[in-house]
Each structure stands twice: as structure tokens, then as C-alpha cells.
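Here's input-v1.cif, which has mmCIF, C-alpha atoms:
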```cif
data_target
#
loop_
_atom_site.group_PDB
_atom_site.id
_atom_site.type_symbol
_atom_site.label_atom_id
_atom_site.label_comp_id
_atom_site.auth_asym_id
_atom_site.auth_seq_id
_atom_site.Cartn_x
_atom_site.Cartn_y
_atom_site.Cartn_z
ATOM 1 C CA GLN A 90 125.822 155.843 79.616
ATOM 2 C CA ARG A 91 127.572 158.095 77.191
ATOM 3 C CA GLN A 92 127.308 157.015 73.609
ATOM 4 C CA LEU A 93 129.404 157.040 70.518
ATOM 5 C CA VAL A 94 127.858 157.668 67.114
ATOM 6 C CA GLU A 95 129.051 155.948 63.970
ATOM 7 C CA SER A 96 128.328 156.948 60.386
ATOM 8 C CA GLY A 97 129.546 156.255 56.886
ATOM 9 C CA GLY A 98 128.336 152.739 56.317
ATOM 10 C CA GLY A 99 126.489 151.660 53.212
ATOM 11 C CA LEU A 100 126.645 149.563 50.085
ATOM 12 C CA VAL A 101 130.014 149.293 48.356
ATOM 13 C CA GLN A 102 131.246 147.157 45.504
ATOM 14 C CA PRO A 103 134.096 144.688 45.977
ATOM 15 C CA GLY A 104 137.416 146.438 45.567
ATOM 16 C CA GLY A 105 135.930 149.784 46.511
ATOM 17 C CA SER A 106 136.539 152.023 49.517
ATOM 18 C CA LEU A 107 134.626 153.792 52.217
ATOM 19 C CA ARG A 108 135.361 155.672 55.401
ATOM 20 C CA LEU A 109 133.543 155.164 58.649
ATOM 21 C CA SER A 110 133.381 157.932 61.226
ATOM 22 C CA CYS A 111 132.774 157.868 64.956
ATOM 23 C CA GLY A 112 132.016 160.898 67.092
ATOM 24 C CA SER A 113 130.669 161.727 70.512
ATOM 25 C CA PRO A 114 128.698 164.667 71.884
ATOM 26 C CA GLU A 115 130.219 164.119 75.323
ATOM 27 C CA LEU A 116 133.542 162.313 75.192
ATOM 28 C CA ILE A 117 136.742 163.986 74.053
ATOM 29 C CA LEU A 118 137.875 161.056 71.977
ATOM 30 C CA LYS A 119 141.582 161.893 71.804
ATOM 31 C CA TYR A 120 141.861 161.048 75.500
ATOM 32 C CA TYR A 121 140.630 157.486 75.030
ATOM 33 C CA THR A 122 142.099 154.343 73.591
ATOM 34 C CA MET A 123 139.553 153.340 70.976
ATOM 35 C CA ALA A 124 138.749 150.515 68.639
ATOM 36 C CA TRP A 125 136.588 149.393 65.762
ATOM 37 C CA PHE A 126 134.736 146.108 65.918
ATOM 38 C CA ARG A 127 132.449 144.355 63.487
ATOM 39 C CA GLN A 128 129.754 141.761 63.770
ATOM 40 C CA THR A 129 127.836 139.623 61.328
ATOM 41 C CA SER A 130 124.660 137.738 62.090
ATOM 42 C CA GLY A 131 125.274 134.679 64.205
ATOM 43 C CA LYS A 132 128.911 135.460 64.877
ATOM 44 C CA GLU A 133 130.850 136.940 67.759
ATOM 45 C CA ARG A 134 131.784 140.594 67.538
ATOM 46 C CA GLU A 135 135.380 140.787 66.403
ATOM 47 C CA GLY A 136 137.917 143.541 66.780
ATOM 48 C CA VAL A 137 139.439 144.879 63.580
ATOM 49 C CA SER A 138 141.574 147.764 64.770
ATOM 50 C CA CYS A 139 142.503 149.814 67.801
ATOM 51 C CA ILE A 140 144.402 153.035 68.437
ATOM 52 C CA THR A 141 146.075 154.091 71.660
ATOM 53 C CA ASN A 142 145.649 157.352 73.504
ATOM 54 C CA SER A 143 149.423 157.536 73.855
ATOM 55 C CA GLY A 144 151.128 158.181 70.562
ATOM 56 C CA ASP A 145 148.139 157.041 68.480
ATOM 57 C CA ASN A 146 149.733 153.645 67.969
ATOM 58 C CA ALA A 147 147.515 151.575 65.685
ATOM 59 C CA TYR A 148 146.940 147.831 65.580
ATOM 60 C CA TYR A 149 145.005 145.670 63.140
ATOM 61 C CA ALA A 150 143.530 142.215 62.920
ATOM 62 C CA ALA A 151 145.356 140.007 60.459
ATOM 63 C CA SER A 152 142.275 139.795 58.235
ATOM 64 C CA VAL A 153 142.297 143.548 57.583
ATOM 65 C CA GLU A 154 145.990 144.445 57.822
ATOM 66 C CA GLY A 155 147.020 146.535 54.825
ATOM 67 C CA ARG A 156 143.451 147.388 53.835
ATOM 68 C CA PHE A 157 142.040 149.171 56.904
ATOM 69 C CA THR A 158 143.427 152.350 58.437
ATOM 70 C CA ILE A 159 142.358 153.748 61.795
ATOM 71 C CA SER A 160 142.966 157.409 62.507
ATOM 72 C CA ARG A 161 141.790 160.382 64.514
ATOM 73 C CA ASP A 162 140.839 163.943 63.669
ATOM 74 C CA LYS A 163 141.412 165.524 67.037
ATOM 75 C CA ALA A 164 140.162 168.937 65.983
ATOM 76 C CA LYS A 165 136.837 167.448 64.876
ATOM 77 C CA ASN A 166 136.682 164.961 67.748
ATOM 78 C CA LEU A 167 136.317 162.073 65.337
ATOM 79 C CA LEU A 168 137.681 158.570 64.926
ATOM 80 C CA TYR A 169 137.875 157.114 61.423
ATOM 81 C CA LEU A 170 138.187 153.720 59.825
ATOM 82 C CA GLN A 171 139.268 153.862 56.197
ATOM 83 C CA ILE A 172 138.388 150.641 54.431
ATOM 84 C CA ASP A 173 140.059 149.992 51.086
ATOM 85 C CA LYS A 174 139.920 147.054 48.674
ATOM 86 C CA VAL A 175 136.753 145.867 50.361
ATOM 87 C CA LYS A 176 135.853 142.202 50.182
ATOM 88 C CA PRO A 177 132.467 140.499 50.556
ATOM 89 C CA GLU A 178 133.655 139.121 53.894
ATOM 90 C CA ASP A 179 133.929 142.704 55.181
ATOM 91 C CA THR A 180 130.131 142.854 55.208
ATOM 92 C CA ALA A 181 129.118 143.486 58.820
ATOM 93 C CA VAL A 182 127.828 146.048 61.268
ATOM 94 C CA TYR A 183 130.775 148.133 62.383
ATOM 95 C CA TYR A 184 130.999 149.541 65.892
ATOM 96 C CA CYS A 185 133.369 152.015 67.449
ATOM 97 C CA ALA A 186 134.255 151.684 71.108
ATOM 98 C CA ALA A 187 136.221 153.538 73.763
ATOM 99 C CA GLU A 188 137.822 152.401 76.970
ATOM 100 C CA LYS A 189 136.320 153.565 80.238
ATOM 101 C CA SER A 190 139.164 155.723 81.501
ATOM 102 C CA TYR A 191 141.986 157.979 80.407
ATOM 103 C CA THR A 192 144.605 155.420 81.435
ATOM 104 C CA VAL A 193 147.628 156.034 79.254
ATOM 105 C CA ARG A 194 148.114 153.048 77.016
ATOM 106 C CA PRO A 195 151.156 152.562 74.768
ATOM 107 C CA THR A 196 149.510 149.476 73.279
ATOM 108 C CA CYS A 197 145.914 148.307 72.812
ATOM 109 C CA ASP A 198 143.950 145.117 72.333
ATOM 110 C CA MET A 199 140.829 144.363 70.359
ATOM 111 C CA ILE A 200 138.994 142.619 73.153
ATOM 112 C CA ASN A 201 135.331 143.449 73.696
ATOM 113 C CA GLU A 202 135.542 143.431 77.476
ATOM 114 C CA GLU A 203 138.201 146.139 77.550
ATOM 115 C CA TYR A 204 135.849 148.704 76.060
ATOM 116 C CA PHE A 205 133.105 150.494 77.910
ATOM 117 C CA TYR A 206 131.532 153.014 75.540
ATOM 118 C CA TRP A 207 129.910 151.759 72.352
ATOM 119 C CA GLY A 208 128.059 153.162 69.405
ATOM 120 C CA GLN A 209 124.920 151.796 67.811
ATOM 121 C CA GLY A 210 126.787 150.488 64.778
ATOM 122 C CA THR A 211 126.802 151.334 61.096
ATOM 123 C CA PRO A 212 126.163 148.618 58.511
ATOM 124 C CA VAL A 213 128.534 147.921 55.658
ATOM 125 C CA THR A 214 127.429 145.720 52.773
ATOM 126 C CA VAL A 215 129.900 144.647 50.133
ATOM 127 C CA SER A 216 128.129 143.459 47.030
ATOM 128 C CA SER A 217 128.244 143.868 43.277
#
```
Translate this file's structure into C-alpha cells.
Amino acid sequence: QRQLVESGGGLVQPGGSLRLSCGSPELILKYYTMAWFRQTSGKEREGVSCITNSGDNAYYAASVEGRFTISRDKAKNLLYLQIDKVKPEDTAVYYCAAEKSYTVRPTCDMINEEYFYWGQGTPVTVSS
């Protein structure tokens, strides 16, 4: 199964910023609808943002709206998640994911079961 590779996680102080990246040695990411999810110990993995493969329309969970920005660098074959004004509750392992096919999607959902390719996750810890 082809894999995605996340990077950019780490320790950040409340109110700070960081940018997560997601790449793939095999998939051409601009062709896929993609998403970022996060998971903390003992909780379900939750979707935080997704971006369509048609028009790069972006959607966000209410808990991160206005603070998180999903984007693509198509030339570098990368997906990003810019996290600003971080809060302690943003502490989690962050995963990027891609749908299975190139189906053109004008909208997207942050539902685990709709995504087929996953990365190994990158941890983000928000602490002073």
C-alpha cells in the first residue's frame, strides 16, 4: 500500500505556529482529494481539514476554523497544514490522508472511511 509521509511536528508554545507537510514518493498528490486528521490517546481520530482535487476547495472542522490552513504545493508534490495560534487542545498526532481514486470532487468530507492512503503521523505537542 502506497504511503504518505508527514513531517513538521514538534513542540510549540501556546499561541505559536507551525507547518506540517505531507509528501509521497509514489502518489501525485494534486490528483487526490486529501485531508488532515488528528488523534489523541484514547480518542477517535478526528478530521480537521480537507481539500478537494477540483478547485482546491478547503474545508475545516469548527474547532480549527480560522487558525488552520490547508494548502498544496503542486510543484513540490506536497500538502501542508499551517497551524496558527496553537492551543493545548491541538496536541495530537497529525495524519495526512488521500482518497483512493482520482474521482473529481467539488466538495470533501473529513470522514476516516473515505480515505485510503495514510501516513504514519507526526506528533504535535503544545506546551509552555
Distance table requested - stretch 120-177 of chain A against stretch 92-96 of chain A, cut-off 10 Å, only C-alpha atoms: one row per qualifying residue with the closest atom pair and its distance in Å to one decimal, ordered by chain and rising residue number, as JSON lines.
```
{"residue": "A:Leu167", "atom": "CA", "partner": "A:Glu95", "partner_atom": "CA", "distance": 9.6}
{"residue": "A:Leu168", "atom": "CA", "partner": "A:Glu95", "partner_atom": "CA", "distance": 9.1}
{"residue": "A:Tyr169", "atom": "CA", "partner": "A:Glu95", "partner_atom": "CA", "distance": 9.3}
```
Using only C-alpha atoms, which residues sit within 9 Å of A:Tyr148 once same-chain residues fewer than 6 positions away are excluded, as a CSV table (one decimal) with C-alpha atoms, in the coordinates of the input?
```csv
chain,number,residue,atom,x,y,z
A,137,VAL,CA,139.4,144.9,63.6
A,138,SER,CA,141.6,147.8,64.8
A,139,CYS,CA,142.5,149.8,67.8
A,140,ILE,CA,144.4,153.0,68.4
A,141,THR,CA,146.1,154.1,71.7
A,154,GLU,CA,146.0,144.4,57.8
A,159,ILE,CA,142.4,153.7,61.8
A,196,THR,CA,149.5,149.5,73.3
A,197,CYS,CA,145.9,148.3,72.8
A,198,ASP,CA,144.0,145.1,72.3
A,199,MET,CA,140.8,144.4,70.4
```
What residues come out when you apply the PyMOL selection byres ((chain A and resi 145) around 9) to this file, written as an MDAnalysis selection string? chainID A and resid 119 122 140:144 146:147 160:161 195
Reference answer for the PyMOL selection byres ((chain A and resi 136) around 7), as a list in words: Trp125, Phe126, Arg127, Arg134, Glu135, Val137, Ser138, Ala150, Met199 and Ile200 of chain A
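Note that the spacing between atom CA of A:Val215 and atom CA of A:Leu100 amounts to 5.9 Å.
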How would you write, as a ChimeraX atom specification, the residues chosen by the PyMOL selection byres ((chain A and resi 113) around 12) on this structure? /A:90-96,110-112,114-119,121,163,165-168,185-187,206-209
Between A:Tyr120, A:Gln128, A:Leu107, A:Glu202, which residue has the minimum interatomic distance to A:Tyr183, considering only C-alpha atoms? A:Gln128
Considering only C-alpha atoms, return as a PyMOL selection string whatever protein or nucleic-acid residues lie within 6 Å of A:Val175, sequence-local ones (same chain, fewer than 3 positions apart) excluded. chain A and resi 103-105
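Atom CA of A:Asp162 is positioned 19.5 Å from atom CA of A:Gly210.
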